[in-house]
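Dropping model-v3.txt in here (compact mmCIF, C-alpha atoms):
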```txt
# COMPACT_ATOMS: atom_id res chain seq x y z
CA MET A 23 -19.60 -22.93 -9.24
CA HIS A 24 -20.62 -19.49 -8.10
CA THR A 25 -24.09 -19.35 -6.54
CA PRO A 26 -25.64 -15.89 -6.20
CA VAL A 27 -26.63 -14.91 -2.68
CA ARG A 28 -29.87 -13.02 -2.46
CA SER A 29 -30.87 -12.72 1.18
CA ASP A 30 -31.16 -9.19 2.56
CA THR A 31 -28.57 -9.68 5.30
CA ALA A 32 -26.21 -12.02 3.48
CA TRP A 33 -25.02 -9.56 0.84
CA PRO A 34 -21.49 -9.52 2.32
CA ASP A 35 -21.40 -13.25 1.55
CA ALA A 36 -22.03 -12.38 -2.08
CA ILE A 37 -19.03 -10.04 -2.08
CA TYR A 38 -16.89 -12.69 -0.45
CA ALA A 39 -18.01 -15.29 -3.02
CA GLN A 40 -16.95 -12.89 -5.80
CA PHE A 41 -13.59 -12.39 -4.09
CA ARG A 42 -13.15 -16.16 -4.14
CA ARG A 43 -14.26 -16.43 -7.77
CA VAL A 44 -11.75 -13.87 -9.03
CA GLY A 45 -8.97 -14.99 -6.70
CA ILE A 46 -8.53 -12.04 -4.34
CA ARG A 47 -5.56 -12.87 -2.11
CA GLN A 48 -5.07 -9.64 -0.14
CA VAL A 49 -7.72 -7.46 1.48
CA GLY A 50 -6.78 -4.15 3.10
CA TYR A 51 -9.27 -2.35 5.29
CA VAL A 52 -9.98 0.20 7.93
CA PRO A 53 -12.96 -1.41 9.66
CA ASP A 54 -16.50 -0.21 9.17
CA ALA A 55 -19.55 -1.68 10.84
CA GLY A 56 -21.05 -2.26 7.41
CA HIS A 57 -18.07 -4.40 6.43
CA SER A 58 -17.85 -6.40 9.67
CA ARG A 59 -19.32 -9.59 8.24
CA LEU A 60 -17.16 -9.46 5.11
CA ILE A 61 -14.05 -8.78 7.20
CA LYS A 62 -14.79 -11.87 9.33
CA LEU A 63 -15.19 -13.99 6.20
CA CYS A 64 -11.84 -12.76 4.85
CA GLN A 65 -10.09 -13.28 8.19
CA ALA A 66 -11.34 -16.87 8.32
CA ASP A 67 -10.00 -17.63 4.83
CA PRO A 68 -6.43 -18.97 4.84
CA ASP A 69 -6.03 -17.99 1.18
CA ILE A 70 -6.67 -14.31 1.94
CA ALA A 71 -4.21 -12.07 3.78
CA ASP A 72 -6.32 -9.56 5.68
CA VAL A 73 -4.41 -6.39 6.49
CA VAL A 74 -5.85 -3.89 8.94
CA LEU A 75 -4.62 -0.41 7.97
CA THR A 76 -4.00 2.64 10.13
CA THR A 77 -5.33 4.83 7.31
CA GLU A 78 -7.05 3.89 4.07
CA GLU A 79 -4.33 5.34 1.86
CA GLU A 80 -2.00 2.58 3.01
CA GLY A 81 -4.30 0.17 1.21
CA VAL A 82 -3.50 1.80 -2.13
CA GLY A 83 0.17 0.91 -1.71
CA LEU A 84 -0.83 -2.58 -0.64
CA VAL A 85 -2.81 -3.07 -3.86
CA ALA A 86 0.12 -1.83 -5.95
CA GLY A 87 2.57 -4.17 -4.24
CA ALA A 88 0.22 -7.15 -4.46
CA THR A 89 -0.15 -6.59 -8.20
CA LEU A 90 3.61 -6.33 -8.69
CA GLY A 91 3.88 -9.70 -6.94
CA GLY A 92 1.22 -11.30 -9.12
CA GLN A 93 -1.68 -11.26 -6.67
CA ARG A 94 -5.08 -9.60 -6.74
CA ALA A 95 -6.15 -7.34 -3.89
CA ALA A 96 -9.26 -5.46 -2.78
CA LEU A 97 -9.91 -2.57 -0.42
CA LEU A 98 -12.72 -2.16 2.09
CA MET A 99 -13.42 1.25 3.52
CA GLN A 100 -16.06 3.64 4.72
CA SER A 101 -16.89 6.71 2.64
CA SER A 102 -14.88 8.90 5.03
CA GLY A 103 -11.77 6.88 4.13
CA VAL A 104 -12.02 7.79 0.44
CA GLY A 105 -10.92 11.32 1.28
CA ASN A 106 -7.82 9.98 3.01
CA CYS A 107 -6.67 8.33 -0.21
CA ILE A 108 -6.82 11.05 -2.85
CA ASN A 109 -3.13 11.63 -3.65
CA MET A 110 -2.28 7.96 -3.18
CA PHE A 111 -4.86 7.06 -5.84
CA SER A 112 -2.42 8.61 -8.33
CA LEU A 113 -0.31 5.48 -7.93
CA LEU A 114 -3.14 3.40 -9.41
CA ARG A 115 -3.68 5.75 -12.33
CA ASN A 116 -0.03 6.32 -13.15
CA CYS A 117 0.77 2.62 -13.34
CA GLY A 118 -2.56 1.04 -14.28
CA PHE A 119 -2.90 -1.05 -11.15
CA PRO A 120 -6.26 -2.84 -11.00
CA CYS A 121 -8.22 -1.97 -7.87
CA VAL A 122 -11.59 -2.92 -6.46
CA ALA A 123 -12.75 -0.72 -3.60
CA LEU A 124 -15.90 -1.59 -1.65
CA VAL A 125 -17.08 1.60 0.00
CA THR A 126 -19.76 1.56 2.69
CA MET A 127 -21.61 4.85 2.64
CA ARG A 128 -22.18 7.14 5.60
CA GLY A 129 -23.61 10.61 5.64
CA GLU A 130 -26.64 9.87 3.50
CA PHE A 131 -29.87 7.91 4.09
CA GLY A 132 -31.02 8.52 7.67
CA GLU A 133 -27.59 9.65 8.89
CA PHE A 134 -27.71 10.63 12.55
CA ASN A 135 -24.23 12.18 12.70
CA PRO A 136 -23.86 15.39 10.69
CA TRP A 137 -20.05 15.08 10.85
CA GLN A 138 -20.32 12.22 8.35
CA VAL A 139 -22.26 14.27 5.83
CA PRO A 140 -19.61 16.49 4.15
CA MET A 141 -17.41 13.57 3.04
CA GLY A 142 -20.32 11.24 2.35
CA ALA A 143 -21.87 13.84 0.06
CA ILE A 144 -18.78 14.04 -2.18
CA THR A 145 -17.49 10.45 -2.03
CA GLY A 146 -18.74 9.42 -5.46
CA GLU A 147 -17.41 12.57 -7.14
CA VAL A 148 -14.04 12.28 -5.42
CA LEU A 149 -13.67 8.73 -6.66
CA ARG A 150 -14.68 9.71 -10.19
CA LEU A 151 -12.23 12.60 -10.25
CA SER A 152 -9.53 10.27 -8.95
CA GLY A 153 -10.00 7.97 -11.93
CA PHE A 154 -12.38 5.35 -10.60
CA LEU A 155 -15.41 4.00 -12.37
CA THR A 156 -18.05 4.02 -9.67
CA TYR A 157 -21.15 1.87 -9.28
CA ARG A 158 -23.74 2.25 -6.60
CA VAL A 159 -25.68 -0.57 -4.98
CA GLU A 160 -29.02 0.17 -3.33
CA ARG A 161 -30.52 -3.32 -3.04
CA ALA A 162 -29.12 -6.54 -1.59
CA GLU A 163 -30.16 -8.54 -4.64
CA ASP A 164 -27.90 -6.40 -6.87
CA VAL A 165 -24.70 -6.86 -4.86
CA ASP A 166 -23.60 -10.10 -6.48
CA GLU A 167 -24.00 -8.93 -10.06
CA ILE A 168 -22.47 -5.48 -9.60
CA VAL A 169 -19.51 -6.65 -7.52
CA GLY A 170 -18.88 -9.46 -9.99
CA ALA A 171 -18.96 -7.10 -12.95
CA GLY A 172 -16.73 -4.62 -11.12
CA CYS A 173 -14.13 -7.25 -10.29
CA ASP A 174 -14.04 -8.46 -13.88
CA MET A 175 -13.61 -4.94 -15.24
CA ALA A 176 -10.85 -4.16 -12.77
CA PHE A 177 -8.78 -7.26 -13.32
CA ASP A 178 -9.43 -7.76 -17.02
CA GLY A 179 -8.73 -4.16 -17.86
CA ASP A 180 -6.35 -2.86 -15.18
CA LEU A 181 -9.04 -0.41 -14.12
CA GLN A 182 -9.93 1.21 -10.82
CA ILE A 183 -13.47 0.29 -9.78
CA ALA A 184 -15.33 1.57 -6.72
CA ILE A 185 -18.59 0.08 -5.57
CA LEU A 186 -20.58 2.30 -3.25
CA LEU A 187 -22.75 0.30 -0.86
CA SER A 188 -25.53 2.69 0.05
CA GLN A 189 -26.44 3.45 3.62
CA ARG A 190 -29.94 2.20 2.91
CA LEU A 191 -28.51 -1.19 1.96
CA ILE A 192 -26.27 -1.40 5.00
CA GLY A 193 -28.91 -0.14 7.39
CA ARG A 194 -29.06 3.05 9.38
CA LYS A 195 -26.60 3.13 12.22
CA GLN A 196 -28.43 2.49 15.48
CA TRP A 197 -27.39 5.01 18.13
CA THR A 198 -29.68 3.83 20.92
CA ARG A 199 -29.74 0.32 22.31
CA MET B 10 27.55 10.16 8.27
CA LEU B 11 27.14 8.21 5.08
CA ASP B 12 27.44 9.25 1.48
CA ARG B 13 24.05 8.20 0.16
CA ARG B 14 25.26 6.99 -3.24
CA ASP B 15 28.13 4.89 -1.85
CA PHE B 16 25.87 3.39 0.79
CA VAL B 17 23.02 2.45 -1.58
CA GLN B 18 25.51 1.12 -4.13
CA GLN B 19 27.06 -1.18 -1.54
CA VAL B 20 23.74 -2.30 -0.06
CA LEU B 21 22.47 -3.28 -3.53
CA THR B 22 25.68 -4.90 -4.73
CA ASP B 23 25.30 -8.56 -5.81
CA ARG B 24 21.59 -8.19 -5.20
CA GLY B 25 20.66 -11.60 -6.52
CA ALA B 26 16.91 -12.17 -6.40
CA LEU B 27 16.17 -9.10 -4.27
CA LEU B 28 13.03 -7.13 -5.18
CA VAL B 29 13.43 -3.37 -4.67
CA VAL B 30 10.86 -0.62 -4.17
CA SER B 31 12.20 2.95 -4.00
CA GLY B 32 10.51 6.05 -2.61
CA LEU B 33 9.97 9.26 -4.52
CA GLY B 34 12.75 11.77 -4.97
CA ALA B 35 16.34 11.14 -4.04
CA ALA B 36 15.87 7.52 -2.96
CA THR B 37 14.59 6.60 -6.41
CA PHE B 38 17.58 8.41 -7.96
CA ASP B 39 20.00 6.61 -5.60
CA VAL B 40 18.57 3.21 -6.52
CA ALA B 41 18.79 4.10 -10.22
CA ALA B 42 22.39 5.27 -9.75
CA ALA B 43 23.27 1.90 -8.22
CA GLY B 44 22.23 0.30 -11.51
CA ASP B 45 18.92 0.12 -13.32
CA HIS B 46 17.22 -3.26 -12.89
CA PRO B 47 13.86 -4.64 -14.04
CA LEU B 48 13.13 -5.72 -10.47
CA ASN B 49 13.27 -2.10 -9.28
CA PHE B 50 9.89 -0.48 -8.79
CA TYR B 51 10.60 3.23 -8.79
CA LEU B 52 8.03 5.49 -7.17
CA TRP B 53 7.97 9.04 -8.50
CA GLY B 54 5.07 10.17 -6.35
CA ALA B 55 2.48 8.70 -3.97
CA MET B 56 4.44 10.06 -1.03
CA GLY B 57 4.02 7.95 2.08
CA GLY B 58 3.14 4.81 0.15
CA THR B 59 6.51 3.17 -0.39
CA ALA B 60 6.62 0.91 2.67
CA MET B 61 3.07 -0.32 2.04
CA THR B 62 3.88 -1.10 -1.59
CA GLY B 63 6.71 -3.21 -0.18
CA LEU B 64 4.29 -4.96 2.17
CA GLY B 65 1.86 -5.91 -0.61
CA LEU B 66 4.77 -7.28 -2.64
CA ALA B 67 6.25 -9.15 0.34
CA LEU B 68 2.88 -10.79 1.07
CA ALA B 69 2.42 -11.76 -2.57
CA ARG B 70 5.92 -13.25 -2.83
CA PRO B 71 6.90 -14.88 0.47
CA ASP B 72 9.55 -16.81 -1.47
CA ARG B 73 11.46 -13.60 -2.27
CA ARG B 74 13.14 -10.87 -0.25
CA VAL B 75 11.77 -7.35 -0.61
CA ALA B 76 13.80 -4.21 0.14
CA VAL B 77 12.22 -0.77 0.38
CA LEU B 78 14.61 2.18 0.11
CA THR B 79 13.15 5.56 0.85
CA GLY B 80 13.75 8.93 2.46
CA ASP B 81 12.88 10.14 5.94
CA GLY B 82 10.14 12.42 4.58
CA ASP B 83 8.34 9.56 2.83
CA MET B 84 8.72 7.29 5.87
CA LEU B 85 7.41 9.97 8.20
CA MET B 86 4.38 10.55 5.98
CA GLY B 87 3.70 6.81 6.05
CA ILE B 88 4.67 6.34 9.68
CA GLY B 89 1.40 4.56 10.42
CA SER B 90 2.47 1.83 8.02
CA LEU B 91 5.13 0.82 10.56
CA ALA B 92 2.25 -0.25 12.83
CA THR B 93 0.51 -1.99 9.93
CA ILE B 94 3.69 -3.85 8.95
CA GLY B 95 4.49 -4.69 12.57
CA ALA B 96 1.06 -6.26 12.98
CA VAL B 97 1.50 -8.39 9.84
CA GLN B 98 5.12 -9.40 10.68
CA PRO B 99 6.35 -10.12 7.13
CA LYS B 100 9.57 -12.11 7.50
CA ASN B 101 10.82 -11.12 4.04
CA LEU B 102 10.48 -7.32 4.19
CA GLY B 103 13.22 -4.81 4.99
CA LEU B 104 12.95 -1.02 5.01
CA VAL B 105 15.99 1.19 4.56
CA VAL B 106 15.38 4.84 5.41
CA LEU B 107 17.92 7.23 3.91
CA ASP B 108 17.71 9.80 6.66
CA ASN B 109 19.30 13.18 6.06
CA GLY B 110 16.84 14.96 8.35
CA HIS B 111 15.66 17.16 5.51
CA TYR B 112 13.21 17.47 2.63
CA GLY B 113 15.89 17.50 -0.04
CA GLU B 114 13.75 17.98 -3.15
CA THR B 115 12.03 21.09 -1.87
CA GLY B 116 14.84 23.21 -0.49
CA MET B 117 16.27 21.28 2.45
CA GLN B 118 13.67 22.17 5.06
CA PRO B 119 14.28 20.16 8.25
CA SER B 120 12.16 17.06 8.82
CA ALA B 121 10.98 15.65 12.12
CA THR B 122 13.95 13.26 12.33
CA ARG B 123 16.11 16.40 12.44
CA SER B 124 14.33 17.21 15.72
CA GLY B 125 15.25 13.83 17.14
CA ILE B 126 12.15 11.86 16.19
CA ASP B 127 13.46 8.31 16.28
CA LEU B 128 12.33 5.95 13.51
CA VAL B 129 14.33 3.04 14.95
CA ALA B 130 12.59 3.31 18.30
CA THR B 131 9.28 3.66 16.48
CA ALA B 132 9.94 0.49 14.48
CA LEU B 133 10.93 -1.42 17.62
CA ALA B 134 7.76 -0.23 19.34
CA CYS B 135 5.92 -1.57 16.26
CA ARG B 136 7.42 -5.04 16.84
CA PHE B 137 9.99 -4.96 14.05
CA LYS B 138 12.38 -7.89 14.49
CA HIS B 139 15.44 -5.79 13.65
CA ALA B 140 15.73 -2.01 13.76
CA ARG B 141 18.97 -0.08 13.93
CA ASP B 142 20.75 3.10 12.98
CA VAL B 143 23.81 2.94 10.77
CA SER B 144 26.19 5.80 10.06
CA ARG B 145 29.45 4.20 8.85
CA ILE B 146 30.05 2.85 5.36
CA GLU B 147 31.62 -0.30 6.87
CA GLN B 148 28.11 -1.22 8.05
CA ALA B 149 26.75 -1.42 4.49
CA ALA B 150 27.72 -5.10 4.25
CA GLU B 151 25.77 -5.86 7.45
CA VAL B 152 22.75 -4.05 6.06
CA ARG B 153 23.03 -5.99 2.83
CA ALA B 154 23.21 -9.28 4.75
CA LEU B 155 20.21 -8.29 6.87
CA LEU B 156 18.12 -7.51 3.78
CA HIS B 157 19.02 -10.83 2.18
CA ALA B 158 18.78 -13.14 5.17
CA GLY B 159 17.61 -11.37 8.35
CA GLU B 160 14.21 -12.10 9.81
CA GLY B 161 11.76 -9.33 9.01
CA PRO B 162 10.26 -6.95 9.47
CA ILE B 163 13.49 -4.97 9.41
CA LEU B 164 14.12 -1.22 9.53
CA VAL B 165 17.53 0.30 8.98
CA ASN B 166 17.80 4.02 9.51
CA ALA B 167 20.84 5.13 7.50
CA ARG B 168 22.23 8.44 8.67
CA ILE B 169 23.32 10.06 5.44
CA ASN B 170 24.85 13.48 5.02
CA ALA B 171 22.68 16.21 3.56
CA GLN B 172 24.93 16.84 0.58
CA GLU B 173 23.10 17.17 -2.72
CA VAL B 174 24.12 14.77 -5.47
CA PRO B 175 23.42 14.78 -9.21
CA ARG B 176 20.04 13.35 -10.17
CA VAL B 177 20.02 10.01 -11.95
CA LEU B 178 16.62 9.67 -13.55
CA PRO B 179 15.26 6.18 -14.26
CA LEU B 180 12.13 5.24 -16.22
CA ARG B 181 9.29 7.60 -15.41
CA ASP B 182 6.40 5.90 -17.23
CA GLY B 183 4.54 4.11 -14.44
CA HIS B 184 2.91 1.57 -16.76
CA ALA B 185 6.32 0.67 -18.20
CA ILE B 186 7.97 0.35 -14.77
CA LYS B 187 5.13 -1.90 -13.61
CA ARG B 188 5.05 -4.06 -16.72
CA ARG B 189 8.81 -4.51 -16.76
CA PHE B 190 8.80 -5.54 -13.10
CA ILE B 191 5.94 -8.05 -13.46
CA GLU B 192 7.46 -9.60 -16.58
CA ALA B 193 10.88 -9.95 -14.94
CA LEU B 194 9.38 -11.50 -11.82
CA ASP B 195 7.22 -13.90 -13.88
CA ALA B 196 10.22 -15.01 -15.89
CA ARG B 197 12.18 -16.19 -12.86
```
Would you mind writing the file's structure down as structure tokens?
Amino acid sequence: MHTPVRSDTAWPDAIYAQFRRVGIRQVGYVPDAGHSRLIKLCQADPDIADVVLTTEEEGVGLVAGATLGGQRAALLMQSSGVGNCINMFSLLRNCGFPCVALVTMRGEFGEFNPWQVPMGAITGEVLRLSGFLTYRVERAEDVDEIVGAGCDMAFDGDLQIAILLSQRLIGRKQWTR
Amino acid sequence: MLDRRDFVQQVLTDRGALLVVSGLGAATFDVAAAGDHPLNFYLWGAMGGTAMTGLGLALARPDRRVAVLTGDGDMLMGIGSLATIGAVQPKNLGLVVLDNGHYGETGMQPSATRSGIDLVATALACRFKHARDVSRIEQAAEVRALLHAGEGPILVNARINAQEVPRVLPLRDGHAIKRRFIEALDAR
């Protein structure tokens, strides 16, 4: 039975619970601080192969191969990684490979580092132009429902779904300790 | 130096349960020329993504052997995936790079391997279990045996001559290639 998680800091647990519910077996990622808890949960799960990528576009191939082999896969990346994937996304569109991408946003709410802003500002549009349906999550209590709906759309309909986890949800990066 | 068509034909002969992923351009045409098969996944684009598609498939089907055949240009674009694959250590994955040192589809401009960049050494540095160059057709049987039974990850860099060969065009509809592959794999 799937129990929604609604605490403000436990939203990665809600994503992980949805991964379990829909049977995600491979997770490709370039680490992001916002995904650190979810990555740990996936690493600890013997039913999930966690694959650390040298660049996010590798994850697109991983998803395609997993699907060919009968498994479901998800991608975790930071908004900057979306730009690395653009041509590789054509593989998903050309063949109708289902894909769920969880994108932690940088370059928006309270961003300290201006170098994150140009890519962060166009991440949603880039995904849309690349064929993804994109959903944005601002509040922890919405994570479960939106990720669940996104996973169902992706795997029931061979669609490409991106869920943008806003910087306000993740928390501003702390640059001073 | 190898004739690419003879070499691929011999490597894929009596392929049994082998799953094959081919990289865009000439490698896809070579695999098609060796005989169309529902368990071929032909890439026609997504340059740089062939080896990683093989990794996802190898992880999903540890009970089957997966062979990736691709060109030096595609492998160079996805060179980081050698590190990714080396970290995962899939025992059932083999990569065959058809290395002519050139970008054949675009006018035969030299690639980095032409300047001595060594994919075998790169693969060994990335903890591949087997990595070797081959340049004689007599070695095709060894390569075939390695793909079917050697411990992965494996990389074979096949030194092929840069001669152009007629194109053999397989299915181009990505949805159809995917569906055919999944159905054939499910049925076995």
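Counting only C-alpha atoms and comparing B:Ala140, B:Leu78, B:Ala193, B:Ala130, the residue that lies closest to Ile163 in chain B is B:Ala140.
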Given 6 Å on each side, where is the centre and what are the edge lengths in Å to one decimal of the axis-aligned box enclosing the listed atoms of range 143-158 of chain B, as AutoDock Vina command-line options?
```
--center_x 24.9 --center_y -3.7 --center_z 6.5 --size_x 25.5 --size_y 30.9 --size_z 20.6
```
Within 6 Å of Gln189 in chain A, counting only C-alpha atoms, which residues qualify if same-chain residues fewer than 5 places away don't, as a short mmCIF file (atom, residue, chain, number, x, y, z; two decimals) with C-alpha atoms, keeping the file's coordinate frame?
```
data_model
loop_
_atom_site.label_atom_id
_atom_site.label_comp_id
_atom_site.auth_asym_id
_atom_site.auth_seq_id
_atom_site.Cartn_x
_atom_site.Cartn_y
_atom_site.Cartn_z
CA MET A 127 -21.61 4.85 2.64
CA ARG A 128 -22.18 7.14 5.60
CA PHE A 131 -29.87 7.91 4.09
#
```
Item to complete: Measure the distance from CA of Arg145 in chain B to CA of Gln19 in chain B in Å and round it to one decimal.
Response: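 Result for CA of Arg145 in chain B versus CA of Gln19 in chain B: 11.9 Å, one decimal.
Among the candidate residues B:Ala150, B:Leu107, B:Leu48, B:Val165, the one lying nearest to Thr79 in chain B is B:Leu107, with distances computed using only C-alpha atoms.
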Find the residues in chain A near chain B: any atom within 9 Å counts, using only C-alpha atoms. Write them as a compact mmCIF listing (two decimals) with C-alpha atoms, in the coordinates of the input.
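After the write, iface_34.txt holds the following:
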```
# COMPACT_ATOMS: atom_id res chain seq x y z
CA ARG A 47 -5.56 -12.87 -2.11
CA GLN A 48 -5.07 -9.64 -0.14
CA ALA A 71 -4.21 -12.07 3.78
CA ASP A 72 -6.32 -9.56 5.68
CA VAL A 73 -4.41 -6.39 6.49
CA VAL A 74 -5.85 -3.89 8.94
CA LEU A 75 -4.62 -0.41 7.97
CA THR A 76 -4.00 2.64 10.13
CA THR A 77 -5.33 4.83 7.31
CA GLU A 79 -4.33 5.34 1.86
CA GLU A 80 -2.00 2.58 3.01
CA GLY A 81 -4.30 0.17 1.21
CA VAL A 82 -3.50 1.80 -2.13
CA GLY A 83 0.17 0.91 -1.71
CA LEU A 84 -0.83 -2.58 -0.64
CA VAL A 85 -2.81 -3.07 -3.86
CA ALA A 86 0.12 -1.83 -5.95
CA GLY A 87 2.57 -4.17 -4.24
CA ALA A 88 0.22 -7.15 -4.46
CA THR A 89 -0.15 -6.59 -8.20
CA LEU A 90 3.61 -6.33 -8.69
CA GLY A 91 3.88 -9.70 -6.94
CA GLY A 92 1.22 -11.30 -9.12
CA GLN A 93 -1.68 -11.26 -6.67
CA ARG A 94 -5.08 -9.60 -6.74
CA ALA A 95 -6.15 -7.34 -3.89
CA ASN A 109 -3.13 11.63 -3.65
CA MET A 110 -2.28 7.96 -3.18
CA PHE A 111 -4.86 7.06 -5.84
CA SER A 112 -2.42 8.61 -8.33
CA LEU A 113 -0.31 5.48 -7.93
CA ARG A 115 -3.68 5.75 -12.33
CA ASN A 116 -0.03 6.32 -13.15
CA CYS A 117 0.77 2.62 -13.34
CA GLY A 118 -2.56 1.04 -14.28
CA PHE A 119 -2.90 -1.05 -11.15
```
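Here CA of Gly153 in chain A and CA of Ile108 in chain A stand 10.1 Å from one another.
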Discussion item. If I take CA of Asp83 in chain B and CA of Leu33 in chain B, how far is one from the other in Å, to one decimal?
Written reply: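 About the pair CA of Asp83 in chain B and CA of Leu33 in chain B: they are 7.5 Å apart.
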Practice prompt. Select, counting all atoms listed in the file, all protein, DNA and RNA residues no farther than 12 Å from (26.8, -5.0, 8.0) in file coordinates, and express the selection as a list of chain:residue names.
Written response: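 Those residues, ordered by chain and then number, are B:Phe16, B:Gln19, B:Val20, B:Arg141, B:Asp142, B:Val143, B:Ser144, B:Arg145, B:Ile146, B:Glu147, B:Gln148, B:Ala149, B:Ala150, B:Glu151, B:Val152, B:Arg153, B:Ala154, B:Leu155, B:Leu156, B:His157, B:Ala158, B:Gly159, B:Val165, B:Ala167.
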Discussion item. Could you check the closest approach to Ala35 in chain B for each of B:Asp23, B:Glu160, B:Asp81, B:Asp127 and tell me which residue wins, using only C-alpha atoms?
Written reply: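 Closest candidate: B:Asp81.
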Worksheet entry | Nearest to Ala55 in chain A, chosen from A:Pro136, A:Gly142, A:Gly193, A:Pro68, with all atoms listed in the file counted in the distances | A:Gly193
Practice prompt. Can you pull out every residue within 7 Å of Gly103 in chain A, counting only C-alpha atoms, but drop anything in the same chain fewer than 4 positions away, and send it as a ChimeraX atom specification?
Written response: /A:78,99,107
